$ cat my_file-v1.csv   # CSV, C-alpha atoms and all ligand atoms
chain,number,residue,atom,x,y,z
T,1,MET,CA,0.0,0.0,0.0
T,2,GLY,CA,1.3,3.4,-0.9
T,3,ARG,CA,0.3,7.0,-1.6
T,4,SER,CA,0.5,9.0,-4.8
T,5,GLU,CA,1.9,12.6,-4.7
T,6,ASP,CA,-1.6,14.0,-4.6
T,7,GLY,CA,-2.4,11.8,-1.5
T,8,ARG,CA,-4.5,9.1,-3.3
T,9,LEU,CA,-4.1,5.6,-1.9
T,10,LEU,CA,-2.2,3.2,-4.2
T,11,LEU,CA,-2.7,-0.6,-3.9
T,12,LEU,CA,0.1,-2.5,-5.5
T,13,GLU,CA,0.5,-6.2,-6.1
T,14,ALA,CA,3.8,-7.8,-7.0
T,15,PRO,CA,4.8,-11.4,-8.0
T,16,LEU,CA,7.3,-12.8,-5.4
T,17,ALA,CA,6.5,-10.1,-2.7
T,18,LEU,CA,7.1,-6.4,-2.3
T,19,PHE,CA,9.0,-5.0,0.7
T,20,PRO,CA,8.1,-1.5,2.1
T,21,GLY,CA,10.7,1.0,0.8
T,22,GLU,CA,11.5,-0.8,-2.4
T,23,VAL,CA,11.5,1.4,-5.5
T,24,VAL,CA,9.6,-0.2,-8.4
T,25,GLU,CA,8.0,0.5,-11.7
T,26,ALA,CA,4.3,-0.5,-11.9
T,27,GLN,CA,1.4,-0.3,-14.3
T,28,VAL,CA,-1.3,1.6,-12.4
T,29,ILE,CA,-4.9,2.3,-13.2
T,30,TRP,CA,-6.0,5.5,-11.4
T,31,LYS,CA,-9.5,5.8,-10.2
T,32,ALA,CA,-11.2,8.8,-8.5
T,33,ARG,CA,-9.9,8.1,-5.0
T,34,HIS,CA,-7.3,5.4,-5.4
T,35,GLY,CA,-5.0,3.5,-7.8
T,36,GLU,CA,-4.5,-0.2,-8.4
T,37,GLY,CA,-1.4,-1.5,-10.0
T,38,ARG,CA,1.0,-4.4,-10.7
T,39,VAL,CA,4.8,-4.2,-10.2
T,40,THR,CA,6.6,-4.7,-13.5
T,41,ARG,CA,10.2,-4.0,-12.5
T,42,TRP,CA,12.3,-3.5,-9.3
T,43,VAL,CA,14.5,-0.4,-9.3
T,44,THR,CA,15.9,-1.1,-5.8
T,45,ARG,CA,15.6,-4.4,-4.0
T,46,ASP,CA,15.4,-4.9,-0.3
T,47,SER,CA,18.4,-6.9,1.1
T,48,ARG,CA,16.0,-9.3,2.9
T,49,ARG,CA,14.7,-10.7,-0.4
T,50,ALA,CA,15.4,-14.4,-0.6
T,51,GLU,CA,15.8,-16.8,-3.5
T,52,ALA,CA,12.5,-18.3,-4.4
T,53,GLY,CA,12.2,-22.0,-3.4
T,54,CYS,CA,10.1,-22.8,-6.5
T,55,PRO,CA,11.4,-22.8,-10.1
T,56,VAL,CA,8.1,-21.4,-11.5
T,57,ALA,CA,7.5,-18.8,-8.7
T,58,GLU,CA,7.7,-15.8,-11.0
T,59,SER,CA,5.0,-16.9,-13.5
T,60,CYS,CA,2.8,-19.3,-11.5
T,61,GLY,CA,-0.4,-17.8,-10.1
T,62,GLY,CA,-0.5,-20.1,-7.1
T,63,CYS,CA,1.8,-18.1,-4.7
T,64,GLU,CA,2.9,-14.5,-4.3
T,65,LEU,CA,5.4,-14.3,-1.5
T,66,TRP,CA,8.3,-16.7,-2.4
T,67,GLU,CA,11.0,-14.0,-2.4
T,68,ALA,CA,9.9,-12.8,1.1
T,69,GLY,CA,11.5,-16.0,2.4
T,70,ARG,CA,11.4,-16.1,6.2
T,71,HIS,CA,10.1,-12.6,6.3
T,72,ALA,CA,6.8,-13.5,4.7
T,73,PRO,CA,4.9,-13.8,8.0
T,74,ASP,CA,6.1,-10.2,9.0
T,75,LEU,CA,5.1,-8.8,5.6
T,76,LYS,CA,1.7,-10.4,5.8
T,77,ARG,CA,1.2,-9.1,9.3
T,78,GLN,CA,2.0,-5.6,8.0
T,79,MET,CA,-0.5,-6.0,5.1
T,80,ALA,CA,-3.2,-7.1,7.6
T,81,ALA,CA,-2.3,-4.1,9.9
T,82,ASP,CA,-2.6,-1.7,6.9
T,83,LEU,CA,-6.0,-3.2,6.0
T,84,LEU,CA,-7.4,-3.1,9.5
T,85,ARG,CA,-6.1,0.4,10.2
T,86,ARG,CA,-7.6,1.7,7.0
T,87,GLN,CA,-11.0,-0.1,7.4
T,88,LEU,CA,-11.5,-0.1,11.2
T,89,GLY,CA,-9.3,2.7,12.5
T,90,GLU,CA,-6.1,2.8,14.7
T,91,ALA,CA,-7.6,1.8,18.0
T,92,VAL,CA,-8.9,-1.7,17.3
T,93,PRO,CA,-6.8,-4.3,19.0
T,94,TRP,CA,-6.2,-7.6,17.1
T,95,THR,CA,-4.0,-10.7,17.4
T,96,TRP,CA,-1.9,-12.2,14.6
T,97,HIS,CA,-1.5,-16.0,14.2
T,98,PRO,CA,1.4,-16.9,11.7
T,99,ALA,CA,1.3,-20.3,10.1
T,100,PRO,CA,3.7,-23.0,11.3
T,101,ASP,CA,6.4,-24.0,8.7
T,102,SER,CA,4.7,-27.4,8.4
T,103,ALA,CA,1.5,-25.9,6.9
T,104,ARG,CA,0.9,-27.2,3.4
T,105,ARG,CA,-2.0,-27.3,0.9
T,106,HIS,CA,-4.2,-30.4,1.0
T,107,ARG,CA,-6.1,-29.3,-2.1
T,108,ILE,CA,-4.7,-28.0,-5.4
T,109,GLN,CA,-6.3,-27.1,-8.7
T,110,LEU,CA,-4.4,-28.1,-11.8
T,111,HIS,CA,-5.2,-27.6,-15.5
T,112,TRP,CA,-4.7,-30.1,-18.3
T,113,ASP,CA,-4.5,-28.6,-21.8
T,114,GLY,CA,-4.4,-31.9,-23.7
T,115,SER,CA,-0.6,-32.3,-23.5
T,116,ALA,CA,0.7,-30.6,-20.3
T,117,LEU,CA,-0.5,-30.4,-16.7
T,118,GLY,CA,0.1,-27.3,-14.5
T,119,TYR,CA,-1.2,-24.2,-12.8
T,120,HIS,CA,-2.6,-21.1,-14.5
T,121,GLN,CA,-0.2,-18.2,-15.0
T,122,ARG,CA,-0.9,-15.2,-12.8
T,123,HIS,CA,-3.8,-13.1,-14.3
T,124,SER,CA,-4.0,-15.5,-17.3
T,125,HIS,CA,-5.3,-18.8,-18.4
T,126,ALA,CA,-2.0,-19.7,-20.0
T,127,LEU,CA,-0.6,-22.9,-18.5
T,128,VAL,CA,2.6,-23.1,-16.4
T,129,PRO,CA,3.6,-26.8,-16.6
T,130,ILE,CA,4.8,-28.3,-13.3
T,131,ARG,CA,6.2,-31.6,-12.1
T,132,ALA,CA,6.0,-30.7,-8.4
T,133,CYS,CA,4.5,-28.1,-6.0
T,134,PRO,CA,6.5,-27.2,-2.8
T,135,ALA,CA,3.4,-25.4,-1.4
T,136,ALA,CA,1.4,-28.7,-1.4
T,137,ALA,CA,1.6,-31.6,1.0
T,138,ASP,CA,4.3,-34.1,-0.2
T,139,PRO,CA,1.9,-36.8,-1.3
T,140,LEU,CA,0.0,-34.3,-3.5
T,141,SER,CA,3.2,-33.0,-5.0
T,142,ASP,CA,4.4,-36.5,-5.7
T,143,ALA,CA,1.1,-37.3,-7.4
T,144,ILE,CA,1.4,-34.5,-10.0
T,145,PRO,CA,3.7,-36.5,-12.4
T,146,ARG,CA,1.5,-39.6,-11.8
T,147,LEU,CA,-1.5,-37.6,-13.0
T,148,GLN,CA,0.4,-36.2,-15.9
T,149,GLU,CA,1.5,-39.7,-17.0
T,150,ALA,CA,-2.0,-41.2,-16.6
T,151,LEU,CA,-3.5,-38.3,-18.7
T,152,ALA,CA,-0.8,-38.6,-21.4
T,153,GLY,CA,-1.1,-42.4,-21.4
T,154,LEU,CA,-5.0,-42.2,-21.9
T,155,ALA,CA,-5.5,-44.0,-18.6
T,156,LEU,CA,-7.8,-41.1,-17.4
T,157,PRO,CA,-10.3,-39.0,-19.5
T,158,THR,CA,-8.1,-36.7,-21.6
T,159,ARG,CA,-10.5,-33.8,-22.4
T,160,PRO,CA,-8.7,-30.5,-21.5
T,161,GLY,CA,-10.0,-29.1,-18.2
T,162,ARG,CA,-9.5,-28.6,-14.5
T,163,TRP,CA,-8.4,-31.3,-12.1
T,164,GLU,CA,-8.3,-31.1,-8.3
T,165,LEU,CA,-5.8,-33.2,-6.3
T,166,SER,CA,-6.8,-33.6,-2.7
T,167,THR,CA,-5.7,-35.5,0.4
T,168,GLY,CA,-7.0,-36.1,3.9
T,169,THR,CA,-5.4,-35.6,7.3
T,170,PRO,CA,-3.0,-37.3,7.8
T,171,ALA,CA,-2.1,-36.9,4.1
T,172,ASN,CA,-1.7,-40.5,3.2
T,173,HIS,CA,-4.0,-40.9,0.2
T,174,VAL,CA,-4.5,-38.8,-2.9
T,175,TRP,CA,-7.7,-38.3,-5.0
T,176,ALA,CA,-7.9,-36.7,-8.4
T,177,THR,CA,-11.3,-35.2,-9.3
T,178,ASP,CA,-12.2,-34.0,-12.8
T,179,GLU,CA,-14.6,-31.1,-13.7
T,180,ARG,CA,-17.5,-33.5,-13.8
T,181,GLY,CA,-16.9,-34.6,-10.2
T,182,ARG,CA,-15.6,-38.1,-11.2
T,183,THR,CA,-12.9,-39.2,-8.7
T,184,TRP,CA,-9.9,-41.6,-8.8
T,185,LEU,CA,-7.8,-42.7,-5.9
T,186,LEU,CA,-4.0,-43.1,-6.5
T,187,GLU,CA,-2.8,-46.6,-5.7
T,188,PRO,CA,0.7,-48.1,-6.2
T,189,ASP,CA,-0.4,-49.4,-9.7
T,190,GLY,CA,-2.2,-46.3,-10.8
T,191,TRP,CA,-5.5,-44.4,-10.5
T,192,HIS,CA,-8.7,-46.3,-9.6
T,193,ARG,CA,-12.3,-45.0,-9.7
T,194,SER,CA,-13.3,-44.2,-6.1
T,195,THR,CA,-16.5,-43.2,-4.3
T,196,GLU,CA,-14.7,-43.1,-0.9
T,197,PRO,CA,-14.9,-39.9,1.1
T,198,ILE,CA,-11.8,-37.9,2.2
T,199,VAL,CA,-11.2,-38.3,5.9
T,200,HIS,CA,-9.7,-35.6,8.2
T,201,ARG,CA,-8.7,-36.6,11.7
T,202,LEU,CA,-8.2,-33.2,13.4
T,203,GLY,CA,-7.4,-33.6,17.1
T,204,GLY,CA,-10.5,-35.0,18.6
T,205,ALA,CA,-12.7,-34.3,15.5
T,206,THR,CA,-13.2,-36.5,12.5
T,207,LEU,CA,-14.7,-35.0,9.3
T,208,ARG,CA,-15.5,-36.7,6.0
T,209,HIS,CA,-16.4,-35.1,2.7
T,210,GLU,CA,-16.6,-35.8,-1.0
T,211,PRO,CA,-13.4,-35.3,-2.9
T,212,GLY,CA,-13.6,-32.0,-4.9
T,213,ALA,CA,-15.9,-30.4,-2.3
T,214,PHE,CA,-15.0,-27.4,-0.2
T,215,PHE,CA,-12.8,-28.0,2.8
T,216,GLN,CA,-10.1,-25.9,4.5
T,217,VAL,CA,-7.0,-25.8,2.3
T,218,SER,CA,-4.5,-26.6,5.2
T,219,PRO,CA,-6.8,-28.6,7.5
T,220,PRO,CA,-4.5,-29.5,10.3
T,221,TRP,CA,-3.3,-25.9,10.7
T,222,ALA,CA,-6.8,-24.5,10.2
T,223,ALA,CA,-8.3,-26.8,12.9
T,224,GLU,CA,-5.5,-26.0,15.3
T,225,ALA,CA,-5.8,-22.2,14.7
T,226,PHE,CA,-9.6,-22.0,14.8
T,227,GLY,CA,-10.0,-24.5,17.6
T,228,GLY,CA,-7.3,-22.8,19.8
T,229,LEU,CA,-8.7,-19.4,19.3
T,230,LEU,CA,-12.3,-20.3,19.9
T,231,ARG,CA,-11.3,-22.1,23.1
T,232,THR,CA,-9.2,-19.1,24.2
T,233,TRP,CA,-12.3,-16.9,23.6
T,234,ASP,CA,-14.1,-19.4,25.8
T,235,LEU,CA,-16.9,-19.8,23.2
T,236,LYS,CA,-19.7,-22.0,24.6
T,237,GLY,CA,-23.4,-22.0,25.2
T,238,ALA,CA,-26.8,-23.6,24.5
T,239,THR,CA,-27.3,-23.6,20.7
T,240,LEU,CA,-24.6,-23.0,18.1
T,241,TYR,CA,-26.0,-21.6,14.8
T,242,ASP,CA,-23.3,-22.8,12.4
T,243,LEU,CA,-24.2,-20.8,9.3
T,244,TYR,CA,-22.4,-21.6,6.0
T,245,GLY,CA,-21.5,-24.7,7.9
T,246,GLY,CA,-20.0,-26.9,5.2
T,247,VAL,CA,-19.5,-30.4,6.4
T,248,GLY,CA,-19.5,-29.3,10.1
T,249,LEU,CA,-16.0,-28.2,10.8
T,250,PHE,CA,-16.9,-25.5,13.4
T,251,SER,CA,-19.6,-27.6,15.0
T,252,ALA,CA,-17.2,-30.5,15.4
T,253,LEU,CA,-14.3,-28.3,16.7
T,254,LEU,CA,-16.5,-26.7,19.3
T,255,GLY,CA,-18.1,-30.1,20.1
T,256,ALA,CA,-19.5,-30.5,23.6
T,257,ARG,CA,-19.0,-26.7,24.4
T,258,PHE,CA,-22.6,-26.4,23.0
T,259,SER,CA,-25.6,-28.5,24.0
T,260,HIS,CA,-27.1,-28.3,20.5
T,261,ARG,CA,-26.2,-27.2,17.0
T,262,VAL,CA,-28.2,-25.9,13.9
T,263,LEU,CA,-26.1,-26.1,10.8
T,264,VAL,CA,-27.2,-24.3,7.6
T,265,GLU,CA,-25.4,-24.8,4.3
T,266,SER,CA,-26.5,-24.6,0.7
T,267,GLY,CA,-24.7,-27.6,-0.6
T,268,GLU,CA,-26.8,-30.8,-0.4
T,269,ALA,CA,-23.9,-33.2,-0.4
T,270,ALA,CA,-22.1,-31.1,2.3
T,271,VAL,CA,-25.2,-31.2,4.5
T,272,ALA,CA,-25.5,-34.9,4.1
T,273,TRP,CA,-21.9,-35.3,5.2
T,274,ALA,CA,-22.4,-32.8,8.1
T,275,ARG,CA,-25.2,-34.9,9.4
T,276,ARG,CA,-23.1,-38.1,9.3
T,277,ASN,CA,-20.0,-36.3,10.8
T,278,LEU,CA,-21.9,-34.8,13.7
T,279,GLU,CA,-23.9,-38.0,14.4
T,280,ALA,CA,-20.7,-40.0,14.4
T,281,ALA,CA,-19.3,-37.5,16.9
T,282,ASP,CA,-22.4,-37.9,19.1
T,283,LEU,CA,-23.2,-34.2,18.7
T,284,PRO,CA,-27.0,-33.7,18.4
T,285,SER,CA,-27.6,-31.3,15.5
T,286,GLU,CA,-30.1,-30.1,12.9
T,287,CYS,CA,-28.5,-29.9,9.5
T,288,LEU,CA,-30.4,-27.9,7.0
T,289,VAL,CA,-30.0,-27.3,3.2
T,290,ALA,CA,-30.8,-23.6,2.8
T,291,ASP,CA,-29.6,-20.2,1.7
T,292,VAL,CA,-28.5,-18.6,4.9
T,293,ALA,CA,-29.8,-15.1,3.9
T,294,ALA,CA,-33.2,-16.5,3.2
T,295,TRP,CA,-33.2,-18.8,6.3
T,296,VAL,CA,-32.1,-16.5,9.1
T,297,PRO,CA,-35.4,-15.3,10.8
T,298,GLU,CA,-35.9,-12.1,12.7
T,299,GLY,CA,-34.9,-12.5,16.4
T,300,LEU,CA,-32.7,-15.6,15.9
T,301,GLY,CA,-31.5,-17.4,19.1
T,302,ALA,CA,-31.6,-16.5,22.8
T,303,THR,CA,-29.0,-15.0,25.1
T,304,GLY,CA,-27.1,-18.2,25.7
T,305,ASP,CA,-26.8,-19.0,22.0
T,306,VAL,CA,-24.0,-18.2,19.5
T,307,ILE,CA,-24.4,-17.4,15.8
T,308,LEU,CA,-21.2,-18.3,13.8
T,309,LEU,CA,-21.1,-17.1,10.2
T,310,ASP,CA,-18.4,-18.4,7.7
T,311,PRO,CA,-19.6,-17.0,4.3
T,312,PRO,CA,-17.8,-17.3,1.0
T,313,ARG,CA,-15.4,-14.6,-0.1
T,314,ALA,CA,-18.1,-12.1,-1.0
T,315,GLY,CA,-19.2,-11.9,2.7
T,316,LEU,CA,-22.7,-11.2,4.0
T,317,GLU,CA,-25.6,-9.7,2.1
T,318,PRO,CA,-26.8,-6.3,3.4
T,319,ALA,CA,-30.3,-7.7,4.2
T,320,LEU,CA,-28.8,-10.5,6.2
T,321,CYS,CA,-26.8,-8.0,8.3
T,322,GLU,CA,-30.0,-6.1,8.9
T,323,ARG,CA,-31.8,-9.2,10.1
T,324,LEU,CA,-28.9,-10.1,12.3
T,325,ALA,CA,-29.4,-6.8,14.1
T,326,THR,CA,-32.6,-8.2,15.5
T,327,ALA,CA,-31.1,-11.5,16.7
T,328,GLY,CA,-31.6,-12.7,20.2
T,329,ALA,CA,-28.3,-14.6,20.5
T,330,GLY,CA,-25.8,-13.2,22.9
T,331,GLN,CA,-22.7,-13.6,20.8
T,332,LEU,CA,-21.8,-13.7,17.1
T,333,VAL,CA,-18.6,-15.0,15.4
T,334,LEU,CA,-17.8,-13.7,12.0
T,335,VAL,CA,-15.2,-15.6,9.8
T,336,GLY,CA,-14.0,-14.2,6.5
T,337,CYS,CA,-11.3,-15.0,3.9
T,338,ASP,CA,-11.5,-11.6,2.2
T,339,GLY,CA,-10.3,-8.9,4.6
T,340,ALA,CA,-12.1,-6.0,2.9
T,341,ALA,CA,-15.5,-7.8,2.7
T,342,PHE,CA,-15.0,-8.9,6.4
T,343,CYS,CA,-14.4,-5.4,7.6
T,344,ARG,CA,-17.3,-4.0,5.6
T,345,ASP,CA,-19.6,-6.6,7.3
T,346,LEU,CA,-18.2,-5.8,10.7
T,347,LYS,CA,-19.1,-2.2,10.1
T,348,ARG,CA,-22.6,-3.2,8.9
T,349,LEU,CA,-23.1,-5.2,12.1
T,350,ALA,CA,-21.7,-2.5,14.4
T,351,GLY,CA,-25.1,-0.9,15.2
T,352,ALA,CA,-26.3,-4.0,17.1
T,353,TRP,CA,-23.0,-5.9,17.9
T,354,SER,CA,-19.9,-4.7,19.6
T,355,LEU,CA,-16.5,-6.0,18.7
T,356,ASP,CA,-14.8,-8.0,21.6
T,357,GLN,CA,-12.1,-9.9,19.9
T,358,LEU,CA,-10.4,-9.7,16.5
T,359,ALA,CA,-7.8,-12.2,15.1
T,360,VAL,CA,-6.1,-12.6,11.8
T,361,LEU,CA,-4.8,-16.1,10.9
T,362,ASP,CA,-2.3,-16.9,8.2
T,363,LEU,CA,-4.3,-19.9,6.8
T,364,PHE,CA,-2.9,-19.4,3.3
T,365,PRO,CA,0.9,-19.2,3.6
T,366,LEU,CA,2.9,-17.9,0.5
T,367,THR,CA,-0.1,-16.0,-0.7
T,368,SER,CA,-1.3,-12.5,0.3
T,369,HIS,CA,-4.6,-14.0,1.7
T,370,VAL,CA,-5.5,-14.2,5.3
T,371,GLU,CA,-8.5,-15.5,7.4
T,372,CYS,CA,-10.1,-13.0,9.7
T,373,LEU,CA,-12.1,-13.9,12.8
T,374,ALA,CA,-14.2,-11.7,15.1
T,375,LEU,CA,-16.1,-12.2,18.3
T,376,LEU,CA,-19.0,-9.8,18.8
T,377,SER,CA,-21.5,-9.4,21.6
T,378,ARG,CA,-25.0,-8.1,21.6
T,379,ARG,CA,-25.2,-4.4,22.5
T,380,PRO,CA,-27.6,-3.9,25.4
T,401,LIG,C1,-16.0,-20.6,3.5
T,401,LIG,S1,-17.0,-22.0,3.3
T,401,LIG,C2,-17.1,-22.5,5.0
T,401,LIG,C3,-17.5,-23.9,5.2
T,401,LIG,C4,-17.3,-24.4,6.7
T,401,LIG,N1,-17.6,-23.4,7.7
T,401,LIG,C5,-15.8,-24.9,6.9
T,401,LIG,O1,-15.0,-24.2,7.5
T,401,LIG,O2,-15.5,-26.0,6.4
T,401,LIG,C6,-18.5,-21.4,2.9
T,401,LIG,C7,-19.6,-22.4,2.8
T,401,LIG,O3,-20.9,-21.7,2.5
T,401,LIG,C8,-21.6,-22.5,1.5
T,401,LIG,N2,-22.5,-21.5,0.9
T,401,LIG,C9,-22.2,-20.6,-0.1
T,401,LIG,N3,-23.2,-19.8,-0.3
T,401,LIG,C10,-24.2,-20.1,0.6
T,401,LIG,C11,-25.5,-19.6,0.9
T,401,LIG,N4,-26.0,-18.6,0.2
T,401,LIG,N5,-26.2,-20.2,1.9
T,401,LIG,C12,-25.7,-21.2,2.6
T,401,LIG,N6,-24.5,-21.7,2.4
T,401,LIG,C13,-23.7,-21.2,1.4
T,401,LIG,C14,-20.6,-23.1,0.6
T,401,LIG,O4,-21.1,-24.2,0.0
T,401,LIG,C15,-19.4,-23.4,1.6
T,401,LIG,O5,-19.6,-24.7,2.2

$ encode --input "my_file-v1.csv" --output "structure tokens"
Amino acid sequence: MGRSEDGRLLLLEAPLALFPGEVVEAQVIWKARHGEGRVTRWVTRDSRRAEAGCPVAESCGGCELWEAGRHAPDLKRQMAADLLRRQLGEAVPWTWHPAPDSARRHRIQLHWDGSALGYHQRHSHALVPIRACPAAADPLSDAIPRLQEALAGLALPTRPGRWELSTGTPANHVWATDERGRTWLLEPDGWHRSTEPIVHRLGGATLRHEPGAFFQVSPPWAAEAFGGLLRTWDLKGATLYDLYGGVGLFSALLGARFSHRVLVESGEAAVAWARRNLEAADLPSECLVADVAAWVPEGLGATGDVILLDPPRAGLEPALCERLATAGAGQLVLVGCDGAAFCRDLKRLAGAWSLDQLAVLDLFPLTSHVECLALLSRRP
């Protein structure tokens, strides 16, 4: 983040990281109140820049912070601080939770163009062929050449398209899912059609879901970070409203801290898995297929209840924020993977809910993305 000579805000993005104080050339599009640009050349380089630990770091669109090296967590903390200061003001306290070195992606999206397999280039659909990915869990990275060989050898459907490689926790099996949702499990002699779910054993919680469906990208680290924080905040009560609940991650992590759970999620398959996951964990729950904005009634919950919302990147609809202003629940937890949308929603909720805790988690190492989490309580 910078400023132009006339004081307008300038948001810059750079492949491989950008350190404060570096002098760069960039292509910038100026709007009325701010500019957005991409760095095209470094004029001066910070001495802390490291050599990228990935041969395709410069072109691949999967990561952005390789050259920040061991300073990446500090840079991200600074980016988060800039965002929160700009959106919420100087005085709001927050905690920062950097990722452990062991955090790796358990889900990666690759593209097959009919002859090569790889990631999309940054800001383009051009292919960057790869044979390995250091940001992914080892078994996933090792499976990339096996997928390439199977596609080239016609052992898997060869139509160009997107493939997702995913693994469970621990990461001991690898599934490949094509655009049509068909799934193959990698075995020593090759890929075999599979209808098995992916299993994540996360501390005391076990969660299953279909390969190719949404789940946290780095599940062991996400479960540790979310679980630790919500326990520190001493979140507990009568009913947990787990809204945008997926296959039940938050309900399972919070477990017996609540007597009952109501999970609402739009994906039918996810809800079916949430039901099974929570039943197997002996956690009485109602799991409903619905659009959260349409489902949330006026006056949701009672004083001892908690509403937890973990929406997609776009955040909460304005009408939903208005309805939440009438809720009877005593506490609300907002989770968001887009910092700007998250802060906008906090401001929309501020009339009825006061901010008690704010945390930023580095759930997406090597990228500029963070996960934000807030605990709010009902204003008297
Ligand atoms: C960020 S994910 C969170 C899932 C879950 N809380 C977890 O951590 O695994 C958002 C979830 O909301 C679901 N979703 C998206 N739009 C929705 C809507 N309008 N109503 C209900 N659920 C929705 C998606 O299917 C996805 O499972």

$ closest_atom_pairs --input "my_file-v1.csv" --of "chain T" --to "ligand LIG 401 (chain T)" --cutoff "8 Å" --atoms "only C-alpha atoms and all ligand atoms" --output "Markdown table"
| residue | atom | partner | partner_atom | distance |
| --- | --- | --- | --- | --- |
| T:Phe214 | CA | T:LIG401 | O5 | 5.8 |
| T:Phe215 | CA | T:LIG401 | O2 | 4.9 |
| T:Gln216 | CA | T:LIG401 | O2 | 5.7 |
| T:Asp242 | CA | T:LIG401 | N1 | 7.4 |
| T:Leu243 | CA | T:LIG401 | C12 | 6.9 |
| T:Tyr244 | CA | T:LIG401 | O3 | 3.8 |
| T:Gly245 | CA | T:LIG401 | N1 | 4.1 |
| T:Gly246 | CA | T:LIG401 | O5 | 3.7 |
| T:Val247 | CA | T:LIG401 | O2 | 5.9 |
| T:Gly248 | CA | T:LIG401 | C4 | 6.4 |
| T:Leu249 | CA | T:LIG401 | O2 | 4.9 |
| T:Phe250 | CA | T:LIG401 | N1 | 6.1 |
| T:Val264 | CA | T:LIG401 | C12 | 6.1 |
| T:Glu265 | CA | T:LIG401 | N6 | 3.7 |
| T:Ser266 | CA | T:LIG401 | N6 | 3.9 |
| T:Gly267 | CA | T:LIG401 | O4 | 5.0 |
| T:Ala270 | CA | T:LIG401 | O5 | 6.9 |
| T:Val289 | CA | T:LIG401 | C12 | 7.5 |
| T:Ala290 | CA | T:LIG401 | C12 | 5.6 |
| T:Asp291 | CA | T:LIG401 | N5 | 3.4 |
| T:Val292 | CA | T:LIG401 | N5 | 4.1 |
| T:Ala293 | CA | T:LIG401 | N4 | 6.4 |
| T:Leu309 | CA | T:LIG401 | N1 | 7.6 |
| T:Asp310 | CA | T:LIG401 | N1 | 5.1 |
| T:Pro311 | CA | T:LIG401 | C6 | 4.7 |
| T:Pro312 | CA | T:LIG401 | C1 | 4.5 |
| T:Arg313 | CA | T:LIG401 | C1 | 7.0 |
| T:Gly336 | CA | T:LIG401 | C1 | 7.3 |
| T:Cys337 | CA | T:LIG401 | C1 | 7.3 |

$ atom_distance --input "my_file-v1.csv" --atom1 "atom CA of T:Ala302" --atom2 "atom CA of T:Leu358"
23.1 Å

$ residues_around --input "my_file-v1.csv" --residues "T:Asp338" --least-positions-apart "2" --cutoff "9 Å" --atoms "all atoms listed in the file" --output "JSON, numbers by chain"
{"T": [312, 313, 314, 315, 336, 340, 341, 342, 343, 369, 370, 371, 372]}

$ residues_around --input "my_file-v1.csv" --residues "T:Val333" --least-positions-apart "6" --cutoff "8 Å" --atoms "only C-alpha atoms" --output "PyMOL selection string"
chain T and resi 306-309+373-376

$ atom_distance --input "my_file-v1.csv" --atom1 "atom CA of T:Ser59" --atom2 "atom CA of T:Arg122"
6.2 Å

$ closest_residue --input "my_file-v1.csv" --among "T:Asp82, T:Glu13, T:Glu67, T:Glu36" --to "T:Leu366" --atoms "only C-alpha atoms"
T:Glu67

$ closest_residue --input "my_file-v1.csv" --among "T:Gly228, T:Cys60, T:Trp96, T:Gly299" --to "T:Ala126" --atoms "all atoms listed in the file"
T:Cys60
